[in-house]
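What follows is a single structure, written as structure tokens, with notes after it.
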Amino acid sequence: MSNAFHDKVAVVTGGSAGIGFATAHEIAGAGGTVYITGRDRDRLSAAASRIPGDVVGVPADSSSAEDLGRLFTQVRQRSGRLDVLVTNAAAIGTAPLGEITREIVTTTFDVNVTGTIMTVQQALPLLADGGAVVLTGSMAAHKASRGRSVYAASKAAVRALARTWALELTPRGIRVNVVSPGPTDTPAIARLAGDAEQRGAFFAKMGEGTPMTRAGTAEEVAAVIAFVASDAASHVNGADYQVDGGYGQV
Ligand SMILES: NC(=O)c1ccc[n+]([C@@H]2O[C@H](COP(=O)([O-])OP(=O)(O)OC[C@H]3O[C@@H](n4cnc5c(N)ncnc54)[C@H](OP(=O)(O)O)[C@@H]3O)[C@@H](O)[C@H]2O)c1
């Protein structure tokens with residue numbers, strides 16, 4: 001992958017932490033210019049400065065059409081085009097049936113579904129023919145886990161969007177794929193663990209549910225996102241790569 005993104009311009013939403021950060025790192029390390037987004041400005045600029053290469057942090061909430069407009073205006077003005085779009089920002093609403101509030105549904109769908117649609121749609125005029133779109137899905141769309149019905153439904157929608165968009169964008173040579181992580185050690189999931197001391201035990205428990213008996217790392221997911229986004233995957237379209245240590249496969 002060393003030069004796979006030479007001369008390419010990428011946007012990774014939710015790129016200041018976890019899988020998005022690791023993806024931006026991977027693409028920048030392979031020669032790409034990368035724009036990363038996130039809502040927390042300090043975390044975003046710290047993340048951008050931690051990644052070697054041409055990496056620009058643009059504060060943007062994926063549920064805000066206005067923020068997305070500013071993001072793509074900046075990409076157009078600075079880079080003139082976009083080759084790779086990774087929609088990775090997500091809200092992980094959790095509540096068992098009986099406790100699902102309208103707010104959980106709205107927040108989750110605003111970011112994961114409407115946000116994904118608007119991000120891809122607003123990027124479209126800038127996306128170069130032959131470009132690649134990678135939507136971060138989730139194994140939650142394929143395998144149930146308690147309390148995650150709303151989140152799972154939003155990620156099932158992401159998978160469905162990719163199928164149709166792959167068909168619609170084929171005339172322009174733009175490939176659209178999903179990468180679905182299984183349990184992965186990231187700040188989002190670590191927050192569910194409680195304090196730092198409980199983190200090891202939490203991830204060990206999470207890993208027990210996979211044949212590989214461990215959670216994945218953000219870098220393991222990022223490597224697959226980068227592959228799918230690269231020309232090495234030039235005949236991969238409309239697919240869903242599941243990076244889950246076998247969690248949903250066996
Ligand atoms: N970790 C897992 O086990 C796992 C499993 C399956 C799927 N996934 C998927 O993988 C993706 C990344 O998850 P992660 O675990 O890496 O999460 P993470 O560690 O919490 O990182 C999330 C990133 O997204 C940003 N973000 C959150 N909400 C945003 C919004 N509304 N607009 C723009 N940026 C936003 C965060 O920054 P700010 O908070 O500053 O905005 C941060 O940079 C998500 O799509 C998630 O659903 C993760």
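Going by the structure tokens order, chains are called A, B, ..., each with residues numbered from 1, while ligands are numbered from 1 in the order shown.
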For the alpha helix (DSSP H) assignment from backbone DSSP, which residues of region 54-159 of chain A qualify? Please present them as a ChimeraX atom specification. /A:65-79,102-109,115-123,149-159
Expected file: the selected residues, C-alpha atoms, as a short mmCIF file (atom, residue, chain, number, x, y, z; two decimals), in the first residue's frame:
```cif
data_model
loop_
_atom_site.label_atom_id
_atom_site.label_comp_id
_atom_site.auth_asym_id
_atom_site.auth_seq_id
_atom_site.Cartn_x
_atom_site.Cartn_y
_atom_site.Cartn_z
CA ALA A 65 -25.94 20.00 6.08
CA GLU A 66 -24.32 23.36 6.73
CA ASP A 67 -21.18 21.78 8.24
CA LEU A 68 -20.96 19.32 5.35
CA GLY A 69 -21.28 22.22 2.91
CA ARG A 70 -18.31 23.96 4.57
CA LEU A 71 -16.31 20.73 4.50
CA PHE A 72 -16.70 20.16 0.77
CA THR A 73 -16.20 23.86 -0.04
CA GLN A 74 -12.86 23.66 1.74
CA VAL A 75 -11.92 20.46 -0.13
CA ARG A 76 -12.87 22.09 -3.45
CA GLN A 77 -10.94 25.27 -2.74
CA ARG A 78 -7.80 23.53 -1.48
CA SER A 79 -7.70 20.33 -3.55
CA ARG A 102 -37.73 9.24 20.09
CA GLU A 103 -34.51 11.15 20.77
CA ILE A 104 -32.39 7.98 20.52
CA VAL A 105 -34.02 7.13 17.20
CA THR A 106 -33.66 10.66 15.82
CA THR A 107 -30.05 11.13 16.90
CA THR A 108 -28.98 7.72 15.62
CA PHE A 109 -30.72 8.06 12.26
CA GLY A 115 -25.85 12.03 7.64
CA THR A 116 -24.45 9.28 5.40
CA ILE A 117 -26.87 10.15 2.61
CA MET A 118 -26.15 13.87 2.79
CA THR A 119 -22.39 13.37 3.05
CA VAL A 120 -22.28 11.25 -0.10
CA GLN A 121 -24.74 13.49 -1.93
CA GLN A 122 -22.90 16.70 -1.06
CA ALA A 123 -19.59 15.10 -2.05
CA SER A 149 -31.91 -2.52 17.64
CA VAL A 150 -31.99 1.16 16.61
CA TYR A 151 -28.27 1.27 15.83
CA ALA A 152 -28.53 -2.07 13.98
CA ALA A 153 -31.42 -0.76 11.89
CA SER A 154 -29.44 2.36 10.98
CA LYS A 155 -26.47 0.25 9.88
CA ALA A 156 -28.75 -2.07 7.89
CA ALA A 157 -29.89 1.07 6.08
CA VAL A 158 -26.26 1.93 5.34
CA ARG A 159 -25.77 -1.50 3.78
#
```
Contacts to ligand 1 at 7 Å cut-off (only C-alpha atoms and all ligand atoms) as a VMD selection string: chain A and resid 13 to 21 37 to 41 43 to 44 60 to 63 88 to 92 111 136 to 140 180 to 189 218
Residues just named, written with C-alpha atoms as a short mmCIF file (atom, residue, chain, number, x, y, z; two decimals), in the first residue's frame:
```cif
data_model
loop_
_atom_site.label_atom_id
_atom_site.label_comp_id
_atom_site.auth_asym_id
_atom_site.auth_seq_id
_atom_site.Cartn_x
_atom_site.Cartn_y
_atom_site.Cartn_z
CA THR A 13 -15.67 11.65 8.49
CA GLY A 14 -15.24 10.95 12.19
CA GLY A 15 -11.49 10.89 11.65
CA SER A 16 -10.32 12.25 14.98
CA ALA A 17 -10.49 8.93 16.86
CA GLY A 18 -10.84 5.17 16.52
CA ILE A 19 -11.37 3.56 13.12
CA GLY A 20 -11.61 6.89 11.27
CA PHE A 21 -8.32 8.10 12.74
CA THR A 37 -13.84 15.62 10.46
CA GLY A 38 -15.19 15.50 13.98
CA ARG A 39 -17.26 17.73 16.24
CA ASP A 40 -14.69 18.41 18.97
CA ARG A 41 -12.29 20.98 17.50
CA ARG A 43 -9.49 16.64 19.52
CA LEU A 44 -9.67 17.10 15.76
CA ALA A 60 -18.04 19.20 10.94
CA ASP A 61 -20.99 17.36 12.41
CA SER A 62 -22.20 14.76 9.88
CA SER A 63 -25.80 15.50 10.83
CA ASN A 88 -17.39 6.77 9.19
CA ALA A 89 -18.96 9.13 11.75
CA ALA A 90 -21.77 7.45 13.64
CA ALA A 91 -23.97 7.68 16.70
CA ILE A 92 -24.16 4.50 18.73
CA VAL A 111 -26.04 10.82 11.86
CA THR A 136 -18.60 2.19 7.61
CA GLY A 137 -21.29 -0.30 8.48
CA SER A 138 -21.42 -2.64 11.44
CA MET A 139 -21.81 -6.31 12.21
CA ALA A 140 -24.77 -5.08 14.26
CA SER A 180 -18.55 -3.71 8.67
CA PRO A 181 -16.47 -3.97 11.80
CA GLY A 182 -17.24 -6.46 14.53
CA PRO A 183 -16.27 -5.70 18.12
CA THR A 184 -13.30 -3.32 17.82
CA ASP A 185 -11.21 -1.65 20.52
CA THR A 186 -11.86 2.06 19.98
CA PRO A 187 -12.64 5.02 22.26
CA ALA A 188 -16.36 4.66 21.44
CA ILE A 189 -16.47 1.15 22.80
CA ALA A 218 -8.92 0.10 14.71
#
```
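For the residues A:Ser2, A:Ser230, A:Gln242, A:Thr33, ranking by smallest atom-to-atom distance to Val176 (chain A) using only C-alpha atoms places A:Ser230 first.
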DSSP on the backbone: what in region 76-249 of chain A comes out strand (DSSP E or B), as JSON, numbers by chain? {"A": [82, 83, 84, 85, 86, 87, 127, 128, 129, 130, 131, 132, 133, 134, 135, 136, 175, 176, 177, 178, 179, 180, 181, 184, 185, 216, 217, 240, 241, 242, 243]}
Distance of CA of Gly93 (chain A) from CA of Thr213 (chain A), expressed in Å to one decimal place: 25.4 Å
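With CA of Gly29 (chain A) on one side and CA of Ile225 (chain A) on the other, the separation reads 13.8 Å.
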For Met212 (chain A), list every protein, DNA or RNA residue within 10 Å, evaluated using only C-alpha atoms, and leave out those in the same chain fewer than 5 positions away; present the list as a VMD selection string. chain A and resid 207 244 to 247
Using only C-alpha atoms, determine which residues lie at most 10 Å from Ile51 (chain A), disregarding the query and same-chain residues fewer than 2 positions distant; provide the list as a VMD selection string. chain A and resid 21 to 22 24 to 26 28 to 29 34 46 to 49 53 to 56
Name the closest residue to Arg175 (chain A) among the candidates A:Ala226, A:Ala239, A:Val133, A:Ile100; distances are taken between atoms, counting only C-alpha atoms. A:Val133
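Of the residues listed (A:Leu161, A:Gln198, A:Val224, A:Val84), A:Leu161 shows the shortest atom-to-atom separation from Thr114 (chain A); distances use only C-alpha atoms.
Going from CA of Trp165 (chain A) to CA of Ala222 (chain A) covers 21.9 Å.
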Return the single residue from A:Ile36, A:Leu169, A:Ala201, A:Ala233 that is closest to Leu127 (chain A), with distances computed using only C-alpha atoms. A:Leu169
Hey, what's within 9 Å of Val228 (chain A) if we count only C-alpha atoms and toss same-chain stuff fewer than 5 positions away? As a PyMOL selection string, please? chain A and resi 132-134+177-179+223+233-234+236-237+241
Best match for closeness to Gly130 (chain A) among A:Leu192, A:Thr87, A:Gly98, A:Asp231, counting only C-alpha atoms: A:Asp231
